[in-house]
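Enquirer: Input structure: my_file.txt, which contains compact mmCIF, C-alpha atoms.
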```txt
# COMPACT_ATOMS: atom_id res chain seq x y z
CA MET A 14 163.33 -22.28 -155.86
CA ILE A 15 163.31 -23.30 -152.22
CA ARG A 16 165.55 -26.16 -151.25
CA ARG A 17 163.31 -28.96 -150.00
CA SER A 18 166.05 -31.37 -148.84
CA PHE A 19 166.03 -30.55 -145.14
CA LEU A 20 169.23 -30.53 -143.06
CA GLY A 21 168.98 -31.34 -139.35
CA LEU A 22 170.48 -28.73 -137.00
CA MET A 23 173.12 -29.77 -134.47
CA MET A 24 172.80 -29.35 -130.72
CA ALA A 25 175.38 -26.74 -129.70
CA SER A 26 176.01 -28.34 -126.33
CA ALA A 27 176.60 -31.90 -127.53
CA GLY A 28 177.79 -31.50 -131.10
CA ALA A 29 175.54 -34.36 -132.22
CA ALA A 30 172.10 -34.49 -133.77
CA ALA A 31 169.40 -34.34 -131.11
CA ILE A 32 166.14 -35.17 -132.86
CA SER A 33 163.68 -36.89 -130.57
CA ASN A 34 161.36 -39.62 -131.81
CA PRO A 35 157.86 -38.08 -132.01
CA ALA A 36 156.40 -41.39 -130.88
CA ASN A 37 158.22 -40.97 -127.55
CA ALA A 38 157.56 -37.27 -127.13
CA VAL A 39 155.11 -35.86 -124.62
CA VAL A 40 153.68 -33.43 -127.19
CA GLU A 41 150.98 -35.24 -129.13
CA ILE A 42 147.68 -34.35 -130.81
CA ASN A 43 145.05 -36.94 -131.62
CA ILE A 44 143.62 -35.40 -134.76
CA ASN A 45 141.19 -38.28 -135.25
CA LYS A 46 138.99 -37.05 -132.40
CA GLY A 47 135.84 -35.16 -133.31
CA ASN A 48 136.74 -31.94 -131.49
CA VAL A 49 140.45 -31.40 -130.87
CA GLU A 50 141.69 -29.24 -127.99
CA PRO A 51 144.30 -26.94 -129.59
CA LEU A 52 147.86 -27.45 -128.38
CA PRO A 53 149.44 -24.41 -126.66
CA ILE A 54 152.61 -23.59 -128.61
CA ALA A 55 155.03 -20.68 -128.14
CA ILE A 56 156.48 -19.26 -131.36
CA THR A 57 159.21 -16.72 -130.69
CA ASP A 58 160.29 -14.04 -133.13
CA PHE A 59 163.08 -15.48 -135.25
CA LEU A 60 166.30 -13.58 -134.66
CA SER A 61 167.38 -11.43 -137.59
CA ASN A 62 168.87 -8.05 -138.38
CA ASN A 63 165.70 -6.90 -140.15
CA GLU A 64 161.94 -7.35 -140.05
CA LEU A 65 161.96 -10.73 -141.83
CA GLY A 66 162.49 -12.75 -138.64
CA PRO A 67 159.31 -11.54 -136.89
CA GLN A 68 157.36 -11.67 -140.17
CA ILE A 69 158.28 -15.32 -140.75
CA SER A 70 157.29 -16.17 -137.18
CA GLN A 71 153.98 -14.39 -137.66
CA VAL A 72 153.14 -16.43 -140.78
CA ILE A 73 154.10 -19.69 -139.01
CA ALA A 74 151.85 -18.83 -136.06
CA ALA A 75 148.95 -17.87 -138.36
CA ASP A 76 149.24 -21.14 -140.31
CA LEU A 77 149.25 -23.29 -137.21
CA GLN A 78 146.42 -21.38 -135.53
CA ARG A 79 144.28 -21.54 -138.67
CA SER A 80 144.56 -25.34 -138.68
CA GLY A 81 142.56 -25.43 -135.44
CA LEU A 82 145.08 -27.81 -133.86
CA PHE A 83 147.38 -25.22 -132.29
CA ALA A 84 146.90 -22.23 -129.98
CA PRO A 85 149.90 -19.86 -130.19
CA VAL A 86 150.70 -18.41 -126.76
CA ASN A 87 150.53 -14.62 -126.45
CA LYS A 88 154.09 -13.27 -126.74
CA GLN A 89 153.45 -10.88 -123.86
CA ALA A 90 153.34 -13.91 -121.58
CA PHE A 91 156.86 -15.06 -122.52
CA ILE A 92 159.29 -15.11 -119.58
CA GLU A 93 162.53 -16.08 -121.27
CA LYS A 94 163.92 -13.93 -124.08
CA ILE A 95 165.61 -16.15 -126.66
CA THR A 96 169.03 -14.73 -127.60
CA ASP A 97 170.62 -17.89 -129.00
CA PRO A 98 168.36 -20.37 -130.84
CA GLY A 99 171.23 -22.87 -130.82
CA ARG A 100 171.04 -23.37 -127.05
CA ALA A 101 168.47 -25.26 -125.02
CA PRO A 102 165.79 -22.94 -123.58
CA ARG A 103 164.89 -22.65 -119.89
CA PHE A 104 162.11 -25.22 -119.98
CA GLU A 105 160.64 -24.18 -116.61
CA ASP A 106 159.94 -20.70 -117.98
CA TRP A 107 157.91 -22.17 -120.83
CA LYS A 108 156.10 -24.74 -118.72
CA ALA A 109 155.07 -21.92 -116.40
CA ILE A 110 153.00 -20.37 -119.20
CA ASN A 111 151.70 -23.80 -120.30
CA ALA A 112 153.55 -23.75 -123.63
CA GLN A 113 153.72 -27.46 -124.40
CA ALA A 114 155.86 -26.84 -127.50
CA LEU A 115 158.32 -24.09 -128.32
CA VAL A 116 159.60 -22.85 -131.68
CA VAL A 117 162.79 -20.76 -131.91
CA GLY A 118 164.77 -19.74 -134.96
CA ARG A 119 167.09 -17.42 -136.80
CA VAL A 120 167.12 -15.78 -140.25
CA SER A 121 170.37 -14.60 -141.84
CA ARG A 122 171.69 -13.58 -145.24
CA GLU A 123 174.26 -15.76 -147.03
CA GLY A 124 177.16 -14.31 -149.00
CA ASP A 125 175.38 -15.09 -152.28
CA GLY A 126 172.31 -13.14 -151.20
CA ARG A 127 170.14 -16.10 -150.25
CA LEU A 128 168.21 -16.29 -147.01
CA ARG A 129 169.13 -18.97 -144.53
CA ALA A 130 166.43 -19.85 -142.02
CA GLU A 131 166.88 -22.36 -139.20
CA PHE A 132 164.49 -23.40 -136.49
CA ARG A 133 164.14 -25.80 -133.60
CA LEU A 134 160.99 -27.33 -132.17
CA TRP A 135 161.16 -28.19 -128.49
CA ASP A 136 158.96 -30.37 -126.31
CA THR A 137 159.05 -28.21 -123.18
CA PHE A 138 157.58 -30.77 -120.77
CA ALA A 139 159.93 -33.56 -121.86
CA GLY A 140 162.86 -31.14 -122.20
CA GLN A 141 163.69 -32.54 -125.63
CA GLN A 142 164.28 -31.18 -129.11
CA MET A 143 161.71 -32.68 -131.46
CA THR A 144 163.27 -31.50 -134.70
CA GLY A 145 165.66 -28.94 -136.10
CA GLN A 146 165.94 -27.94 -139.74
CA GLN A 147 167.41 -25.29 -141.99
CA PHE A 148 166.41 -23.92 -145.37
CA PHE A 149 167.85 -21.71 -148.10
CA THR A 150 165.87 -19.53 -150.49
CA GLN A 151 165.80 -16.21 -152.29
CA PRO A 152 164.56 -13.30 -150.12
CA GLU A 153 161.35 -12.84 -152.13
CA ASN A 154 160.27 -16.38 -151.17
CA TRP A 155 160.18 -15.66 -147.44
CA ARG A 156 156.45 -16.31 -147.07
CA ARG A 157 156.75 -19.70 -148.73
CA LEU A 158 159.67 -20.51 -146.45
CA ALA A 159 157.44 -19.76 -143.45
CA HIS A 160 154.77 -22.11 -144.82
CA ILE A 161 157.36 -24.89 -145.22
CA ILE A 162 158.50 -24.46 -141.60
CA ALA A 163 154.86 -24.55 -140.45
CA ASP A 164 154.41 -27.79 -142.41
CA ALA A 165 157.47 -29.30 -140.72
CA ILE A 166 156.11 -28.40 -137.26
CA TYR A 167 152.64 -29.70 -138.11
CA LYS A 168 154.03 -33.02 -139.34
CA GLN A 169 156.37 -33.51 -136.39
CA ILE A 170 153.61 -33.01 -133.82
CA THR A 171 150.60 -34.59 -135.56
CA GLY A 172 152.42 -37.30 -137.50
CA GLU A 173 150.60 -36.25 -140.69
CA GLN A 174 151.62 -34.21 -143.70
CA GLY A 175 150.98 -30.49 -143.49
CA TYR A 176 149.20 -28.43 -146.15
CA PHE A 177 150.50 -24.87 -145.75
CA ASP A 178 152.98 -24.84 -148.65
CA THR A 179 150.18 -25.00 -151.21
CA ARG A 180 148.23 -22.75 -153.53
CA VAL A 181 144.58 -22.40 -154.47
CA VAL A 182 143.24 -21.56 -157.90
CA PHE A 183 139.79 -19.96 -157.93
CA VAL A 184 137.42 -17.71 -159.88
CA SER A 185 137.82 -14.06 -158.92
CA GLU A 186 134.54 -12.19 -159.39
CA SER A 187 134.26 -8.42 -159.69
CA GLY A 188 131.85 -5.81 -160.99
CA PRO A 189 128.09 -5.44 -160.55
CA LYS A 190 125.97 -8.56 -160.23
CA THR A 191 124.28 -7.93 -163.57
CA ALA A 192 127.64 -7.67 -165.38
CA ARG A 193 129.97 -9.81 -163.26
CA GLN A 194 133.50 -10.34 -164.56
CA ARG A 195 135.10 -13.70 -163.76
CA GLN A 196 138.84 -14.23 -163.97
CA LEU A 197 141.01 -17.20 -163.17
CA ALA A 198 143.19 -16.37 -160.15
CA ILE A 199 145.72 -18.11 -157.93
CA MET A 200 146.82 -17.43 -154.35
CA ASP A 201 148.66 -18.99 -151.43
CA GLN A 202 146.39 -21.14 -149.27
CA ASP A 203 146.17 -18.35 -146.68
CA GLY A 204 144.85 -15.82 -149.22
CA PHE A 205 148.11 -13.94 -149.86
CA ASN A 206 149.96 -13.39 -153.16
CA VAL A 207 146.81 -13.28 -155.31
CA ARG A 208 147.64 -13.24 -159.02
CA MET A 209 145.29 -13.14 -162.02
CA LEU A 210 145.81 -15.81 -164.66
CA THR A 211 143.28 -14.66 -167.26
CA GLY A 212 141.78 -11.37 -168.39
CA THR A 213 138.31 -10.01 -167.76
CA LYS A 214 136.96 -10.46 -171.28
CA ASP A 215 135.92 -14.13 -171.18
CA LEU A 216 133.93 -16.14 -168.64
CA VAL A 217 135.90 -18.87 -166.85
CA LEU A 218 134.56 -21.74 -164.74
CA THR A 219 135.63 -24.83 -162.77
CA PRO A 220 139.42 -24.50 -162.49
CA ARG A 221 141.16 -27.69 -161.27
CA PHE A 222 144.78 -28.43 -160.34
CA SER A 223 146.86 -31.20 -161.82
CA PRO A 224 148.02 -33.62 -159.09
CA SER A 225 151.42 -34.06 -160.73
CA ARG A 226 152.35 -30.73 -162.38
CA GLN A 227 151.95 -26.99 -161.88
CA GLU A 228 149.11 -27.01 -164.35
CA VAL A 229 145.39 -26.29 -164.20
CA THR A 230 142.47 -27.22 -166.37
CA TYR A 231 139.43 -24.99 -166.64
CA MET A 232 136.46 -24.16 -168.82
CA SER A 233 136.28 -20.91 -170.76
CA PHE A 234 133.71 -19.28 -173.03
CA GLU A 235 136.39 -17.51 -175.04
CA GLY A 236 134.89 -16.41 -178.34
CA ASN A 237 131.48 -17.58 -177.07
CA GLN A 238 132.73 -21.14 -177.56
CA PRO A 239 132.80 -23.37 -174.45
CA ARG A 240 136.16 -25.13 -174.37
CA VAL A 241 138.40 -26.89 -171.88
CA TYR A 242 141.89 -25.43 -171.55
CA LEU A 243 145.18 -26.48 -169.98
CA LEU A 244 147.28 -23.70 -168.46
CA GLN A 245 150.94 -24.09 -167.44
CA LEU A 246 151.30 -21.90 -164.36
CA GLU A 247 155.05 -21.36 -164.58
CA THR A 248 155.21 -20.45 -168.27
CA GLY A 249 151.69 -19.14 -168.88
CA GLN A 250 151.42 -21.45 -171.90
CA ARG A 251 147.84 -22.39 -172.68
CA GLU A 252 146.31 -24.98 -174.97
CA VAL A 253 142.85 -26.25 -175.83
CA VAL A 254 142.21 -29.79 -174.63
CA GLY A 255 139.80 -30.38 -177.49
CA ASN A 256 136.86 -29.05 -179.43
CA PHE A 257 133.71 -30.89 -178.48
CA PRO A 258 130.19 -30.49 -179.83
CA GLY A 259 127.83 -29.10 -177.23
CA MET A 260 128.72 -27.89 -173.74
CA THR A 261 131.64 -29.10 -171.64
CA PHE A 262 131.47 -29.17 -167.84
CA SER A 263 133.64 -29.82 -164.81
CA PRO A 264 137.00 -30.91 -166.25
CA ARG A 265 139.27 -32.60 -163.70
CA PHE A 266 142.59 -34.45 -163.87
CA SER A 267 143.15 -38.14 -163.19
CA PRO A 268 145.50 -38.87 -160.24
CA ASP A 269 148.47 -39.45 -162.55
CA GLY A 270 147.79 -36.24 -164.48
CA GLN A 271 147.62 -38.12 -167.80
CA LYS A 272 143.87 -37.80 -168.38
CA VAL A 273 141.14 -35.22 -168.05
CA ILE A 274 137.67 -36.40 -167.09
CA MET A 275 134.68 -34.19 -167.95
CA SER A 276 131.00 -34.03 -168.73
CA LEU A 277 129.83 -33.35 -172.29
CA GLN A 278 126.30 -32.20 -172.99
CA GLN A 279 124.65 -33.34 -176.20
CA GLU A 280 120.96 -33.22 -177.17
CA GLY A 281 119.72 -32.31 -173.71
CA ASN A 282 121.61 -34.88 -171.69
CA ALA A 283 125.18 -34.97 -170.36
CA ASN A 284 127.54 -37.93 -170.04
CA ILE A 285 131.02 -38.44 -168.66
CA TYR A 286 134.07 -38.84 -170.87
CA THR A 287 137.79 -39.12 -170.34
CA MET A 288 140.47 -37.76 -172.65
CA ASP A 289 144.02 -39.10 -172.76
CA LEU A 290 146.21 -35.98 -172.84
CA ARG A 291 148.93 -37.74 -174.83
CA SER A 292 146.89 -39.34 -177.59
CA ARG A 293 143.87 -36.97 -177.31
CA THR A 294 141.54 -39.95 -177.61
CA THR A 295 138.23 -39.82 -175.74
CA THR A 296 136.40 -42.62 -173.96
CA ARG A 297 132.74 -42.45 -172.97
CA LEU A 298 132.03 -43.77 -169.46
CA THR A 299 128.29 -43.16 -168.96
CA SER A 300 125.39 -43.41 -171.39
CA THR A 301 122.10 -42.21 -169.98
CA ALA A 302 119.29 -39.83 -170.87
CA ALA A 303 120.05 -37.94 -167.64
CA ILE A 304 122.64 -35.34 -166.68
CA ASP A 305 125.83 -37.00 -165.39
CA THR A 306 128.46 -34.46 -164.35
CA ALA A 307 131.07 -33.35 -161.76
CA PRO A 308 133.26 -36.48 -161.94
CA SER A 309 136.15 -36.96 -159.50
CA TYR A 310 138.67 -39.82 -159.31
CA SER A 311 139.58 -41.74 -156.19
CA PRO A 312 143.27 -41.14 -155.30
CA ASP A 313 144.28 -44.58 -156.61
CA GLY A 314 142.51 -43.90 -159.91
CA ALA A 315 140.43 -47.07 -159.64
CA ARG A 316 137.02 -45.42 -159.08
CA ILE A 317 135.10 -42.30 -160.00
CA THR A 318 132.41 -40.44 -158.11
CA PHE A 319 129.95 -38.20 -159.96
CA GLU A 320 126.53 -36.62 -159.68
CA SER A 321 123.50 -37.65 -161.72
CA ASP A 322 119.79 -36.89 -161.83
CA ARG A 323 118.97 -40.25 -163.44
CA GLY A 324 116.79 -41.07 -160.41
CA GLY A 325 114.80 -37.83 -160.66
CA ARG A 326 117.04 -35.51 -158.62
CA GLN A 327 120.76 -34.97 -158.19
CA GLN A 328 122.45 -37.74 -156.24
CA ILE A 329 126.00 -39.04 -155.85
CA TYR A 330 127.12 -42.17 -157.67
CA VAL A 331 130.31 -44.21 -157.76
CA MET A 332 131.64 -46.34 -160.64
CA GLY A 333 134.80 -48.06 -161.76
CA ALA A 334 137.36 -46.05 -163.73
CA ASP A 335 136.14 -47.81 -166.89
CA GLY A 336 132.50 -46.87 -166.22
CA SER A 337 131.52 -50.25 -164.79
CA GLY A 338 129.45 -50.87 -161.67
CA GLN A 339 127.59 -47.56 -161.51
CA SER A 340 125.77 -47.35 -158.18
CA ARG A 341 124.10 -44.64 -156.15
CA VAL A 342 125.63 -43.93 -152.71
CA SER A 343 123.68 -40.89 -151.39
CA PHE A 344 120.27 -41.59 -149.85
CA GLY A 345 119.59 -38.73 -147.44
CA ASP A 346 116.90 -36.08 -147.77
CA GLY A 347 117.44 -33.48 -150.47
CA SER A 348 119.77 -33.43 -153.46
CA TYR A 349 123.55 -33.96 -153.61
CA SER A 350 126.12 -32.46 -155.97
CA THR A 351 129.82 -31.60 -156.55
CA PRO A 352 131.29 -34.82 -155.07
CA VAL A 353 135.07 -34.73 -154.56
CA TRP A 354 137.13 -37.70 -153.42
CA SER A 355 139.48 -37.08 -150.48
CA PRO A 356 143.24 -37.39 -151.16
CA ARG A 357 143.25 -39.98 -148.35
CA GLY A 358 140.62 -42.04 -150.14
CA ASP A 359 138.45 -42.40 -147.04
CA LEU A 360 135.77 -39.78 -147.70
CA ILE A 361 133.82 -38.01 -150.43
CA ALA A 362 132.96 -34.34 -149.87
CA PHE A 363 129.75 -32.97 -151.35
CA THR A 364 127.25 -30.13 -151.53
CA LYS A 365 123.77 -30.94 -150.21
CA GLN A 366 120.60 -28.95 -150.77
CA SER A 367 117.84 -29.67 -148.28
CA GLY A 368 115.33 -27.68 -146.23
CA GLY A 369 116.13 -24.44 -148.02
CA LYS A 370 119.83 -24.64 -147.11
CA PHE A 371 123.05 -25.57 -148.87
CA SER A 372 125.44 -27.68 -146.80
CA ILE A 373 128.99 -28.96 -147.15
CA GLY A 374 129.38 -32.51 -145.88
CA VAL A 375 131.37 -35.72 -146.14
CA MET A 376 130.48 -39.39 -146.43
CA ARG A 377 132.36 -42.65 -146.87
CA PRO A 378 132.68 -43.90 -150.47
CA ASP A 379 129.86 -46.40 -149.86
CA GLY A 380 127.55 -43.59 -148.67
CA SER A 381 127.70 -44.45 -144.97
CA GLY A 382 128.73 -42.06 -142.19
CA GLU A 383 127.25 -38.93 -143.76
CA ARG A 384 128.20 -35.87 -141.73
CA ILE A 385 127.32 -32.22 -142.36
CA LEU A 386 130.18 -29.81 -141.58
CA THR A 387 128.49 -26.47 -142.27
CA SER A 388 125.16 -25.14 -143.58
CA GLY A 389 123.96 -21.78 -144.82
CA PHE A 390 122.08 -19.77 -147.39
CA HIS A 391 124.32 -21.02 -150.20
CA ASN A 392 127.48 -23.12 -149.73
CA GLU A 393 129.00 -24.96 -152.66
CA GLY A 394 132.08 -26.38 -154.36
CA PRO A 395 134.24 -28.17 -151.74
CA THR A 396 137.90 -28.84 -152.48
CA TRP A 397 140.33 -30.83 -150.33
CA ALA A 398 143.65 -29.77 -148.85
CA PRO A 399 146.29 -32.32 -149.94
CA ASN A 400 146.38 -33.96 -146.49
CA GLY A 401 142.63 -34.64 -146.53
CA ARG A 402 141.99 -32.81 -143.23
CA VAL A 403 140.64 -29.43 -144.40
CA LEU A 404 138.13 -28.33 -147.03
CA MET A 405 137.75 -25.02 -148.82
CA PHE A 406 134.44 -23.96 -150.40
CA PHE A 407 132.59 -20.81 -151.40
CA ARG A 408 129.60 -19.21 -149.72
CA GLN A 409 127.03 -16.70 -150.88
CA ASN A 410 125.37 -15.11 -147.86
CA ALA A 411 121.85 -13.73 -148.12
CA GLY A 412 121.99 -10.11 -149.20
CA ALA A 413 125.74 -10.18 -149.82
CA GLY A 414 127.20 -8.73 -152.97
CA GLY A 415 129.01 -11.88 -154.02
CA PRO A 416 130.55 -15.17 -152.92
CA GLN A 417 133.45 -15.56 -150.48
CA LEU A 418 135.89 -18.39 -149.86
CA TYR A 419 135.88 -20.31 -146.58
CA SER A 420 137.78 -23.20 -145.06
CA ILE A 421 136.64 -25.77 -142.52
CA ASP A 422 138.28 -28.83 -141.00
CA LEU A 423 136.73 -32.27 -140.65
CA SER A 424 135.62 -31.58 -137.08
CA GLY A 425 133.23 -28.92 -138.41
CA TYR A 426 134.28 -26.57 -135.59
CA ASN A 427 137.03 -24.58 -137.30
CA GLU A 428 135.38 -22.51 -140.03
CA GLN A 429 137.21 -19.43 -141.30
CA MET A 430 136.89 -16.94 -144.13
CA VAL A 431 139.77 -16.80 -146.61
CA LYS A 432 139.91 -13.14 -147.59
CA THR A 433 140.47 -12.23 -151.23
CA PRO A 434 140.65 -8.78 -152.90
CA ALA A 435 137.43 -9.42 -154.85
CA PHE A 436 134.67 -11.99 -154.54
CA GLY A 437 135.81 -15.57 -154.92
CA SER A 438 134.19 -18.85 -155.99
CA ASP A 439 134.98 -22.37 -157.18
CA PRO A 440 138.29 -22.96 -155.37
CA ALA A 441 140.64 -25.87 -156.16
CA TRP A 442 143.52 -26.77 -153.84
CA SER A 443 146.95 -27.67 -155.20
CA PRO A 444 149.12 -30.55 -154.05
CA LEU A 445 152.13 -29.65 -151.90
CA LEU A 446 154.58 -27.58 -153.89
CA GLU A 447 157.94 -29.08 -154.86
```
Render the structure in this file as structure tokens.
Expert:
Amino acid sequence: MIRRSFLGLMMASAGAAAISNPANAVVEININKGNVEPLPIAITDFLSNNELGPQISQVIAADLQRSGLFAPVNKQAFIEKITDPGRAPRFEDWKAINAQALVVGRVSREGDGRLRAEFRLWDTFAGQQMTGQQFFTQPENWRRLAHIIADAIYKQITGEQGYFDTRVVFVSESGPKTARQRQLAIMDQDGFNVRMLTGTKDLVLTPRFSPSRQEVTYMSFEGNQPRVYLLQLETGQREVVGNFPGMTFSPRFSPDGQKVIMSLQQEGNANIYTMDLRSRTTTRLTSTAAIDTAPSYSPDGARITFESDRGGRQQIYVMGADGSGQSRVSFGDGSYSTPVWSPRGDLIAFTKQSGGKFSIGVMRPDGSGERILTSGFHNEGPTWAPNGRVLMFFRQNAGAGGPQLYSIDLSGYNEQMVKTPAFGSDPAWSPLLE
């Protein structure tokens, strides 16, 4: 387990903590602008007596670059060679290559076998240390340690929580299209450390993370019986949420992790229900002759967004957590589906089908400010990073053998494929790990 209580490093020259206030620092990114100019940042190889130092630096640089907010400077341009991360760098050497921020660090082995990693983030133009922290972990957790450092840098410069120390659960698809095998899988947010959670025998769909525990809910056709399951990721323990007549769709946790909300199909129509995971009692929230599905809570748990074809085609609706005040909020051309409320509460992401294309977009909870982030042959299933700044989704390109995972930020300019060993669909982002 990585120690998450961070210890500030001391300035070697003064013997006192030298953490600058980010509000007074020259380095600043306005991430609320539509198209952000990436910040040039130099990330040196962490000093170590093995390959771990450079590897950790490489993961940090990849995380920051992938966010679209940072542009790591080519190491071949570096003038100063860092030999002591505890001393102030030669700021003029870094300003000469336009590195507005500088990251230096060291990785060493403790007597008990743990890794100790320390880093400093410098504002080169102000000549100030922005933050310094150290961490302890087991050697096998080195990649996660790099993600935590990247999160610390991201937060110090942007003022917002990072999202790199997270995982994504998804459906891994393999085999021919006519006999596709779908397994539940989990990976780090950058596509590394992929691990299968279920076998190939039974179809799995719609995995979703708990916001409060390392637990996922998903739908499985095990034994040709559609059921909703809970899976404890650390122990592998699995249990059936309940046996319901008819089909069950799109299970998702409430913000406090105490309920699962889902759609149950009976006699040709589908309505939305919640189940209390402690008492196992169910409550019906919608009652229509239409198909109401894909429910998602607002982060405060007070409202629910869902899709319904009660008006003739799929549209997005919002209602109170008790089912009251159901109202349509999507009114653009085409049909809307898979609404997901942002962790920040300010936006709802969705899939839109219009003009022969599938798009991923966002709108405000009242339906205003609709904005399309990306369009293509088939895009679907958005999921939010825990800081509400990045979305992951899956795409099926025309003529391709299967779907692939992609990420895109709210600017719509930073779209990237997330490579997985097999095809991937239906991603769900975890909260920050503890």
Enquirer: When you look at Thr299 of chain A with a cut-off of 8 Å (counting all atoms listed in the file), what residues show up, excluding the ones that are within fewer than 5 positions of it in the same chain? I need them as a short mmCIF file (atom, residue, chain, number, x, y, z; two decimals) with C-alpha atoms, keeping the file's coordinate frame.
Expert:
```cif
data_model
loop_
_atom_site.label_atom_id
_atom_site.label_comp_id
_atom_site.auth_asym_id
_atom_site.auth_seq_id
_atom_site.Cartn_x
_atom_site.Cartn_y
_atom_site.Cartn_z
CA ASN A 284 127.54 -37.93 -170.04
CA ILE A 285 131.02 -38.44 -168.66
CA TYR A 286 134.07 -38.84 -170.87
CA ASP A 305 125.83 -37.00 -165.39
CA GLY A 336 132.50 -46.87 -166.22
#
```
Enquirer: Can you pull out every residue within 9 Å of Gln113 of chain A, counting all atoms listed in the file, but drop anything in the same chain fewer than 2 positions away, and send it as a PyMOL selection string?
Expert: chain A and resi 39-40+52-55+107-108+110-111+115+135-138
Enquirer: So how many Å separate atom CA of Gly99 of chain A and atom CA of Leu128 of chain A, to one decimal?
Expert: 17.7 Å
Enquirer: How would you write as a ChimeraX atom specification the residues that get within 7 Å of (138.9, -17.9, -152.5) in the file's frame, counting all atoms listed in the file?
Expert: /A:183,417-418,431-433,437-438,440
Enquirer: Nearest to Ser187 of chain A among A:Trp442, A:Phe436, A:Tyr231, A:Tyr242, with distances taken over all atoms listed in the file: which residue is it?
Expert: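 The closest residue to Ser187 of chain A is A:Phe436.
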Enquirer: Write out as a PyMOL selection string which residues come within 9 Å of Ser223 of chain A when counting only C-alpha atoms, dropping same-chain ones fewer than 2 positions away.
Expert: chain A and resi 221+225-230+265-270+443-444
Enquirer: Emit the selected residues as a PDB file, keeping the file's coordinate frame, including C-alpha atoms.
Expert:
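Result file follows (result.pdb):
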```
ATOM      1  CA  ARG A 221     141.160 -27.690-161.270  1.00  0.00           C
ATOM      2  CA  SER A 225     151.420 -34.060-160.730  1.00  0.00           C
ATOM      3  CA  ARG A 226     152.350 -30.730-162.380  1.00  0.00           C
ATOM      4  CA  GLN A 227     151.950 -26.990-161.880  1.00  0.00           C
ATOM      5  CA  GLU A 228     149.110 -27.010-164.350  1.00  0.00           C
ATOM      6  CA  VAL A 229     145.390 -26.290-164.200  1.00  0.00           C
ATOM      7  CA  THR A 230     142.470 -27.220-166.370  1.00  0.00           C
ATOM      8  CA  ARG A 265     139.270 -32.600-163.700  1.00  0.00           C
ATOM      9  CA  PHE A 266     142.590 -34.450-163.870  1.00  0.00           C
ATOM     10  CA  SER A 267     143.150 -38.140-163.190  1.00  0.00           C
ATOM     11  CA  PRO A 268     145.500 -38.870-160.240  1.00  0.00           C
ATOM     12  CA  ASP A 269     148.470 -39.450-162.550  1.00  0.00           C
ATOM     13  CA  GLY A 270     147.790 -36.240-164.480  1.00  0.00           C
ATOM     14  CA  SER A 443     146.950 -27.670-155.200  1.00  0.00           C
ATOM     15  CA  PRO A 444     149.120 -30.550-154.050  1.00  0.00           C
TER      16      PRO A 444
END
```
Enquirer: Within 12 Å of (133.6, -43.4, -144.4) (coordinates as in the file), grab all the protein and nucleic acid residues, counting all atoms listed in the file, and write them out as a list in words.
Expert: Val342, Trp354, Ser355, Arg357, Gly358, Asp359, Leu360, Ile361, Ala362, Gly374, Val375, Met376, Arg377, Pro378, Asp379, Gly380, Ser381, Gly382, Glu383 and Arg384 of chain A
Enquirer: Would you mind telling me which residue in A:Phe91, A:Tyr310, A:Trp397, A:Phe59 lies nearest to Asp335 of chain A when using only C-alpha atoms?
Expert: A:Tyr310
Enquirer: Grab the atom CA of Asn154 of chain A to atom CA of Ile73 of chain A distance for me, in Å with one decimal place.
Expert: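 Computed distance, atom CA of Asn154 of chain A to atom CA of Ile73 of chain A, equals 14.0 Å.
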Enquirer: So, counting only C-alpha atoms, which residue among A:Pro434, A:Ala441, A:Glu320, A:Ala109 is closest to Asn206 of chain A?
Expert: A:Pro434
Enquirer: Just how far from atom CA of Pro67 of chain A is atom CA of Asp125 of chain A, in Å to one decimal?
Expert: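 Interatomic distance, atom CA of Asp125 of chain A to atom CA of Pro67 of chain A: 22.5 Å.
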Enquirer: Using only C-alpha atoms, which of the listed residues (A:Gly369, A:Pro395, A:Gly66, A:Pro264) sits closest to Phe222 of chain A?
Expert: A:Pro264
Enquirer: Might you pull out every residue within 9 Å of Val117 of chain A, with only C-alpha atoms counted and same-chain residues fewer than 4 positions away left off, and present them as JSON, numbers by chain?
Expert: {"A": [55, 56, 57, 58, 59, 60, 70, 95, 97, 98, 99, 131, 132, 133, 134, 135]}
Enquirer: Considering all atoms listed in the file, can you say which of A:Asn427, A:Ser300, A:Gln142, A:Asn87 comes closest to Gln339 of chain A?
Expert: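 The closest residue to Gln339 of chain A is A:Ser300.
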Enquirer: Would you please work out which residue, of A:Val254, A:Met288, A:Ala413, A:Ala398, is nearest to Asp178 of chain A when using only C-alpha atoms?
Expert: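 Using only C-alpha atoms, the shortest distance to Asp178 of chain A belongs to A:Ala398.
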Enquirer: Find the spatial neighbours of Ser185 of chain A, counting all atoms listed in the file, within a cut-off of 12 Å - ignore same-chain residues fewer than 5 positions away - and output them as a PyMOL selection string.
Expert: chain A and resi 193-200+207-213+216-220+407+415-418+432-440
